[in-house]
>>> print(open('structure_17.txt').read())   # compact mmCIF, C-alpha atoms
# COMPACT_ATOMS: atom_id res chain seq x y z
CA GLY A 1 0.00 0.00 0.00
CA GLY A 2 1.18 3.49 -0.89
CA GLN A 3 4.11 2.31 -3.02
CA GLY A 4 2.32 2.30 -6.37
CA VAL A 5 0.64 -0.54 -8.22
CA GLU A 6 1.81 -3.89 -6.84
CA ALA A 7 0.74 -7.54 -7.04
CA VAL A 8 1.40 -10.46 -4.76
CA ALA A 9 3.85 -12.89 -6.38
CA GLY A 10 5.15 -15.80 -4.36
CA GLY A 11 4.42 -14.08 -1.03
CA SER A 12 6.22 -10.85 -1.89
CA LEU A 13 5.07 -7.64 -3.52
CA ALA A 14 6.18 -7.07 -7.10
CA PRO A 15 5.59 -3.93 -9.20
CA VAL A 16 2.97 -4.34 -11.93
CA ASP A 17 3.00 -2.42 -15.18
CA ALA A 18 -0.04 -0.16 -15.61
CA ALA A 19 -0.92 -1.83 -18.93
CA GLU A 20 -0.82 -5.26 -17.24
CA MET A 21 -3.09 -4.01 -14.47
CA LEU A 22 -5.56 -2.53 -16.93
CA ALA A 23 -5.59 -5.74 -19.00
CA ALA A 24 -6.18 -7.80 -15.85
CA VAL A 25 -9.12 -5.61 -14.78
CA GLU A 26 -10.63 -5.80 -18.26
CA GLY A 27 -10.13 -9.59 -18.25
CA ILE A 28 -11.90 -9.94 -14.90
CA LEU A 29 -14.77 -7.73 -16.03
CA SER A 30 -15.20 -9.63 -19.31
CA LYS A 31 -15.61 -12.91 -17.35
CA VAL A 32 -18.69 -11.46 -15.66
CA ASP A 33 -20.02 -9.92 -18.88
CA LEU A 34 -18.99 -6.36 -17.92
CA SER A 35 -16.55 -3.97 -19.57
CA LEU A 36 -15.00 -0.60 -18.96
CA GLY A 37 -16.53 2.26 -20.88
CA ALA A 38 -14.13 4.41 -22.94
CA GLY A 39 -14.15 7.14 -20.29
CA GLN A 40 -13.60 4.65 -17.47
CA HIS A 41 -10.73 3.04 -19.40
CA GLU A 42 -9.01 6.42 -19.89
CA LEU A 43 -9.51 7.38 -16.24
CA MET A 44 -8.07 4.08 -15.04
CA GLU A 45 -5.06 4.45 -17.38
CA GLU A 46 -4.49 8.00 -16.13
CA ASN A 47 -4.87 6.93 -12.50
CA LEU A 48 -2.38 4.09 -12.90
CA GLY A 49 0.04 6.40 -14.72
CA LEU A 50 -0.20 8.98 -11.92
CA LYS A 51 0.39 6.31 -9.28
CA ASP A 52 3.52 5.20 -11.13
CA LYS A 53 4.76 8.81 -11.39
CA LEU A 54 4.09 9.27 -7.67
CA ARG A 55 6.07 6.11 -6.84
CA LEU A 56 9.03 7.37 -8.91
CA ALA A 57 8.79 10.81 -7.31
CA ARG A 58 8.86 9.16 -3.85
CA LEU A 59 12.01 7.25 -4.83
CA ASP A 60 13.60 10.50 -6.04
CA LEU A 61 12.59 12.24 -2.80
CA ASP A 62 14.02 9.40 -0.69
CA ARG A 63 17.32 9.62 -2.61
CA ALA A 64 17.42 13.41 -2.24
CA GLN A 65 16.72 13.17 1.50
CA GLN A 66 19.53 10.62 1.89
CA ASP A 67 21.90 12.87 -0.11
CA LEU A 68 20.96 15.81 2.12
CA ALA A 69 21.55 13.72 5.25
CA ASP A 70 24.95 12.66 3.89
CA VAL A 71 25.93 16.27 3.15
CA SER A 72 24.69 17.43 6.56
CA HIS A 73 26.69 14.68 8.25
CA ASP A 74 29.81 15.66 6.27
CA GLN A 75 29.36 19.34 7.21
CA SER A 76 28.93 18.46 10.89
CA ARG A 77 32.24 16.55 10.83
CA LEU A 78 34.06 19.60 9.44
CA PRO A 79 35.91 21.39 12.26
CA ASP A 80 34.89 25.06 12.60
CA GLU A 81 38.57 26.07 12.47
CA PHE A 82 38.70 24.76 8.89
CA LYS A 83 35.72 26.90 7.80
CA CYS A 84 36.14 30.44 6.50
CA PRO A 85 34.19 32.87 8.73
CA ILE A 86 33.00 34.70 5.61
CA THR A 87 31.85 31.79 3.41
CA CYS A 88 31.37 29.08 6.10
CA ASP A 89 32.99 26.66 3.63
CA LEU A 90 36.12 24.57 3.95
CA MET A 91 39.07 26.87 3.23
CA ASP A 92 41.27 26.18 0.18
CA ASP A 93 43.92 28.82 0.85
CA PRO A 94 43.81 29.96 4.50
CA VAL A 95 45.43 33.31 5.27
CA ILE A 96 45.79 35.37 8.43
CA CYS A 97 44.44 38.91 8.28
CA ALA A 98 45.62 41.91 10.31
CA ASP A 99 42.76 41.24 12.77
CA GLY A 100 44.49 37.95 13.70
CA HIS A 101 41.71 35.78 12.27
CA THR A 102 42.10 33.27 9.45
CA TYR A 103 40.01 33.46 6.27
CA ASP A 104 40.03 31.83 2.85
CA ARG A 105 42.21 34.01 0.60
CA HIS A 106 39.62 34.67 -2.13
CA ALA A 107 36.93 35.61 0.42
CA ILE A 108 39.05 38.01 2.51
CA GLU A 109 40.60 39.63 -0.57
CA ARG A 110 37.12 40.26 -1.96
CA TRP A 111 36.05 41.66 1.45
CA LEU A 112 39.13 43.87 1.76
CA SER A 113 38.63 45.27 -1.75
CA GLN A 114 35.37 46.80 -0.51
CA HIS A 115 36.01 47.36 3.23
CA GLY A 116 38.83 48.52 5.46
CA THR A 117 37.44 46.67 8.47
CA SER A 118 37.55 43.20 9.97
CA PRO A 119 34.68 40.98 8.80
CA LYS A 120 34.48 39.46 12.30
CA THR A 121 34.80 42.54 14.53
CA ASN A 122 34.15 45.43 12.13
CA ALA A 123 37.21 47.16 13.65
CA ARG A 124 39.35 49.27 11.30
CA LEU A 125 42.34 47.24 10.03
CA PRO A 126 45.85 48.74 10.22
CA SER A 127 46.75 46.83 7.03
CA ARG A 128 45.07 44.95 4.19
CA ASP A 129 48.00 42.54 3.90
CA VAL A 130 47.38 38.83 4.48
CA ILE A 131 49.85 36.06 5.39
CA SER A 132 49.52 32.42 4.32
CA ASN A 133 48.62 30.08 7.16
CA HIS A 134 50.74 27.08 6.10
CA ASN A 135 50.06 25.09 9.27
CA LEU A 136 46.28 25.30 8.86
CA ARG A 137 46.53 24.54 5.13
CA SER A 138 48.47 21.36 5.99
CA LEU A 139 45.84 20.32 8.56
CA ILE A 140 43.04 20.92 6.03
CA GLU A 141 44.88 18.85 3.40
CA GLN A 142 45.23 16.02 5.94
CA PHE A 143 41.51 16.28 6.71
CA ARG A 144 40.64 16.17 3.00
CA THR A 145 42.83 13.11 2.45
CA LYS A 146 41.24 11.31 5.39
CA HIS A 147 37.61 12.27 4.72
CA GLY A 148 37.59 12.61 0.95
>>> encode(input="structure_17.txt", output="structure tokens")
Amino acid sequence: GGQGVEAVAGGSLAPVDAAEMLAAVEGILSKVDLSLGAGQHELMEENLGLKDKLRLARLDLDRAQQDLADVSHDQSRLPDEFKCPITCDLMDDPVICADGHTYDRHAIERWLSQHGTSPKTNARLPSRDVISNHNLRSLIEQFRTKHG
């Protein structure tokens, strides 16, 4: 129930093609001298087609929910120290700014091109120079190697 059109086969549920289902219903009705009218036939075909589309959409939704759970789990494993405070993403090229905080190079350079303040404290910066944080870059590379 609820997983689309199914039939019992050998004690387990097996998907049934909509055309097979429609043929079976018409076969049963013909045995008792009844038949589906043209409108009833079209409605049943449409109904079976919609049920099949719904089943496929549920499968897609289940896969998307699992993908989201996987991504969320991966993000929760990521240490905050490895995330850029501006982008909240894993840093590729960590650099130390004059405020003493570490940022991803592309993000802080973009920030500094438009501001003369710290993105974390909003305090005026004495310099717009940044220094590579080799130690953190090495730790991030180790993390990437270990966690993919």
>>> atom_distance(input="structure_17.txt", atom1="atom CA of Leu90 of chain A", atom2="atom CA of Leu125 of chain A")
24.3 Å
>>> atom_distance(input="structure_17.txt", atom1="atom CA of Gln40 of chain A", atom2="atom CA of Ile28 of chain A")
14.9 Å
>>> residues_near_point(input="structure_17.txt", point="(-5.5, -3.1, -20.3)", cutoff="12 Å", atoms="only C-alpha atoms", output="ChimeraX atom specification")
/A:16-30,35-36,38,40-46,48
>>> atom_distance(input="structure_17.txt", atom1="atom CA of Ile108 of chain A", atom2="atom CA of Arg137 of chain A")
15.6 Å
>>> closest_residue(input="structure_17.txt", among="A:Leu136, A:Ala107, A:Gly49, A:His101", to="Cys88 of chain A", atoms="all atoms listed in the file")
A:Ala107
>>> closest_residue(input="structure_17.txt", among="A:Pro119, A:Gly39, A:Pro126, A:Gly100", to="Ile86 of chain A", atoms="only C-alpha atoms")
A:Pro119
>>> residues_around(input="structure_17.txt", residues="Leu139 of chain A", least_positions_apart="4", cutoff="12 Å", atoms="all atoms listed in the file", output="list in words")
Leu78, Pro79, Glu81, Phe82, Leu90, Met91, Asp92, Asp93, Pro94, Asn133, His134, Asn135, Phe143, Arg144, Thr145 and Lys146 of chain A
>>> decode(input="structure_17.txt", residues="segment 22-37 of chain A", atoms="all heavy atoms", output="PDB file, in the first residue's frame")
ATOM      1  N   LEU A  22      -4.358  -2.861 -16.182  1.00  0.00           N
ATOM      2  CA  LEU A  22      -5.559  -2.526 -16.932  1.00  0.00           C
ATOM      3  C   LEU A  22      -6.084  -3.746 -17.681  1.00  0.00           C
ATOM      4  O   LEU A  22      -7.292  -4.032 -17.672  1.00  0.00           O
ATOM      5  CB  LEU A  22      -5.249  -1.372 -17.891  1.00  0.00           C
ATOM      6  CG  LEU A  22      -6.420  -0.654 -18.520  1.00  0.00           C
ATOM      7  CD1 LEU A  22      -7.390  -0.155 -17.459  1.00  0.00           C
ATOM      8  CD2 LEU A  22      -5.928   0.509 -19.352  1.00  0.00           C
ATOM      9  N   ALA A  23      -5.185  -4.525 -18.283  1.00  0.00           N
ATOM     10  CA  ALA A  23      -5.593  -5.739 -18.997  1.00  0.00           C
ATOM     11  C   ALA A  23      -6.212  -6.746 -18.035  1.00  0.00           C
ATOM     12  O   ALA A  23      -7.206  -7.414 -18.370  1.00  0.00           O
ATOM     13  CB  ALA A  23      -4.392  -6.348 -19.719  1.00  0.00           C
ATOM     14  N   ALA A  24      -5.644  -6.869 -16.838  1.00  0.00           N
ATOM     15  CA  ALA A  24      -6.183  -7.802 -15.851  1.00  0.00           C
ATOM     16  C   ALA A  24      -7.591  -7.395 -15.419  1.00  0.00           C
ATOM     17  O   ALA A  24      -8.494  -8.237 -15.316  1.00  0.00           O
ATOM     18  CB  ALA A  24      -5.257  -7.875 -14.638  1.00  0.00           C
ATOM     19  N   VAL A  25      -7.794  -6.097 -15.172  1.00  0.00           N
ATOM     20  CA  VAL A  25      -9.121  -5.611 -14.775  1.00  0.00           C
ATOM     21  C   VAL A  25     -10.124  -5.864 -15.897  1.00  0.00           C
ATOM     22  O   VAL A  25     -11.235  -6.352 -15.656  1.00  0.00           O
ATOM     23  CB  VAL A  25      -9.066  -4.105 -14.395  1.00  0.00           C
ATOM     24  CG1 VAL A  25     -10.469  -3.524 -14.277  1.00  0.00           C
ATOM     25  CG2 VAL A  25      -8.287  -3.916 -13.117  1.00  0.00           C
ATOM     26  N   GLU A  26      -9.720  -5.571 -17.133  1.00  0.00           N
ATOM     27  CA  GLU A  26     -10.634  -5.804 -18.262  1.00  0.00           C
ATOM     28  C   GLU A  26     -10.929  -7.297 -18.418  1.00  0.00           C
ATOM     29  O   GLU A  26     -12.053  -7.694 -18.735  1.00  0.00           O
ATOM     30  CB  GLU A  26     -10.044  -5.213 -19.539  1.00  0.00           C
ATOM     31  CG  GLU A  26     -10.091  -3.693 -19.535  1.00  0.00           C
ATOM     32  CD  GLU A  26      -9.431  -3.057 -20.765  1.00  0.00           C
ATOM     33  OE1 GLU A  26      -8.448  -3.614 -21.282  1.00  0.00           O
ATOM     34  OE2 GLU A  26      -9.914  -1.993 -21.175  1.00  0.00           O
ATOM     35  N   GLY A  27      -9.926  -8.143 -18.170  1.00  0.00           N
ATOM     36  CA  GLY A  27     -10.130  -9.593 -18.246  1.00  0.00           C
ATOM     37  C   GLY A  27     -11.119 -10.069 -17.205  1.00  0.00           C
ATOM     38  O   GLY A  27     -12.012 -10.887 -17.492  1.00  0.00           O
ATOM     39  N   ILE A  28     -10.980  -9.565 -15.988  1.00  0.00           N
ATOM     40  CA  ILE A  28     -11.899  -9.944 -14.903  1.00  0.00           C
ATOM     41  C   ILE A  28     -13.313  -9.483 -15.233  1.00  0.00           C
ATOM     42  O   ILE A  28     -14.291 -10.228 -15.084  1.00  0.00           O
ATOM     43  CB  ILE A  28     -11.428  -9.364 -13.554  1.00  0.00           C
ATOM     44  CG1 ILE A  28     -10.135 -10.044 -13.117  1.00  0.00           C
ATOM     45  CG2 ILE A  28     -12.505  -9.502 -12.499  1.00  0.00           C
ATOM     46  CD1 ILE A  28      -9.429  -9.344 -11.956  1.00  0.00           C
ATOM     47  N   LEU A  29     -13.440  -8.251 -15.697  1.00  0.00           N
ATOM     48  CA  LEU A  29     -14.767  -7.726 -16.031  1.00  0.00           C
ATOM     49  C   LEU A  29     -15.422  -8.500 -17.175  1.00  0.00           C
ATOM     50  O   LEU A  29     -16.631  -8.744 -17.158  1.00  0.00           O
ATOM     51  CB  LEU A  29     -14.667  -6.228 -16.374  1.00  0.00           C
ATOM     52  CG  LEU A  29     -14.366  -5.284 -15.212  1.00  0.00           C
ATOM     53  CD1 LEU A  29     -14.159  -3.866 -15.720  1.00  0.00           C
ATOM     54  CD2 LEU A  29     -15.478  -5.327 -14.174  1.00  0.00           C
ATOM     55  N   SER A  30     -14.626  -8.905 -18.163  1.00  0.00           N
ATOM     56  CA  SER A  30     -15.204  -9.631 -19.305  1.00  0.00           C
ATOM     57  C   SER A  30     -15.742 -10.997 -18.884  1.00  0.00           C
ATOM     58  O   SER A  30     -16.680 -11.510 -19.477  1.00  0.00           O
ATOM     59  CB  SER A  30     -14.185  -9.783 -20.428  1.00  0.00           C
ATOM     60  OG  SER A  30     -13.160 -10.682 -20.045  1.00  0.00           O
ATOM     61  N   LYS A  31     -15.154 -11.608 -17.842  1.00  0.00           N
ATOM     62  CA  LYS A  31     -15.606 -12.907 -17.353  1.00  0.00           C
ATOM     63  C   LYS A  31     -16.990 -12.819 -16.703  1.00  0.00           C
ATOM     64  O   LYS A  31     -17.687 -13.819 -16.592  1.00  0.00           O
ATOM     65  CB  LYS A  31     -14.599 -13.495 -16.373  1.00  0.00           C
ATOM     66  CG  LYS A  31     -13.336 -13.954 -17.055  1.00  0.00           C
ATOM     67  CD  LYS A  31     -12.367 -14.581 -16.093  1.00  0.00           C
ATOM     68  CE  LYS A  31     -11.124 -14.965 -16.878  1.00  0.00           C
ATOM     69  NZ  LYS A  31     -10.162 -15.681 -16.106  1.00  0.00           N
ATOM     70  N   VAL A  32     -17.353 -11.640 -16.262  1.00  0.00           N
ATOM     71  CA  VAL A  32     -18.692 -11.459 -15.660  1.00  0.00           C
ATOM     72  C   VAL A  32     -19.581 -10.605 -16.562  1.00  0.00           C
ATOM     73  O   VAL A  32     -20.505  -9.951 -16.106  1.00  0.00           O
ATOM     74  CB  VAL A  32     -18.593 -10.861 -14.232  1.00  0.00           C
ATOM     75  CG1 VAL A  32     -17.961 -11.852 -13.281  1.00  0.00           C
ATOM     76  CG2 VAL A  32     -17.869  -9.540 -14.224  1.00  0.00           C
ATOM     77  N   ASP A  33     -19.234 -10.626 -17.857  1.00  0.00           N
ATOM     78  CA  ASP A  33     -20.015  -9.915 -18.881  1.00  0.00           C
ATOM     79  C   ASP A  33     -20.129  -8.414 -18.609  1.00  0.00           C
ATOM     80  O   ASP A  33     -21.185  -7.809 -18.806  1.00  0.00           O
ATOM     81  CB  ASP A  33     -21.413 -10.531 -19.062  1.00  0.00           C
ATOM     82  CG  ASP A  33     -21.363 -11.914 -19.690  1.00  0.00           C
ATOM     83  OD1 ASP A  33     -20.424 -12.138 -20.489  1.00  0.00           O
ATOM     84  OD2 ASP A  33     -22.229 -12.741 -19.369  1.00  0.00           O
ATOM     85  N   LEU A  34     -19.048  -7.811 -18.094  1.00  0.00           N
ATOM     86  CA  LEU A  34     -18.993  -6.365 -17.920  1.00  0.00           C
ATOM     87  C   LEU A  34     -17.786  -5.847 -18.690  1.00  0.00           C
ATOM     88  O   LEU A  34     -16.878  -6.588 -19.033  1.00  0.00           O
ATOM     89  CB  LEU A  34     -18.843  -5.997 -16.440  1.00  0.00           C
ATOM     90  CG  LEU A  34     -20.003  -6.341 -15.521  1.00  0.00           C
ATOM     91  CD1 LEU A  34     -19.612  -6.078 -14.074  1.00  0.00           C
ATOM     92  CD2 LEU A  34     -21.232  -5.514 -15.884  1.00  0.00           C
ATOM     93  N   SER A  35     -17.739  -4.565 -18.939  1.00  0.00           N
ATOM     94  CA  SER A  35     -16.554  -3.975 -19.568  1.00  0.00           C
ATOM     95  C   SER A  35     -16.435  -2.520 -19.122  1.00  0.00           C
ATOM     96  O   SER A  35     -17.389  -1.921 -18.660  1.00  0.00           O
ATOM     97  CB  SER A  35     -16.649  -4.045 -21.094  1.00  0.00           C
ATOM     98  OG  SER A  35     -17.736  -3.272 -21.555  1.00  0.00           O
ATOM     99  N   LEU A  36     -15.231  -2.012 -19.278  1.00  0.00           N
ATOM    100  CA  LEU A  36     -14.996  -0.597 -18.962  1.00  0.00           C
ATOM    101  C   LEU A  36     -15.462   0.246 -20.130  1.00  0.00           C
ATOM    102  O   LEU A  36     -15.171  -0.059 -21.286  1.00  0.00           O
ATOM    103  CB  LEU A  36     -13.498  -0.325 -18.740  1.00  0.00           C
ATOM    104  CG  LEU A  36     -12.861  -0.921 -17.496  1.00  0.00           C
ATOM    105  CD1 LEU A  36     -11.353  -0.631 -17.510  1.00  0.00           C
ATOM    106  CD2 LEU A  36     -13.476  -0.347 -16.234  1.00  0.00           C
ATOM    107  N   GLY A  37     -16.187   1.318 -19.841  1.00  0.00           N
ATOM    108  CA  GLY A  37     -16.530   2.257 -20.885  1.00  0.00           C
ATOM    109  C   GLY A  37     -15.274   3.014 -21.295  1.00  0.00           C
ATOM    110  O   GLY A  37     -14.244   2.986 -20.602  1.00  0.00           O
TER     111      GLY A  37
END
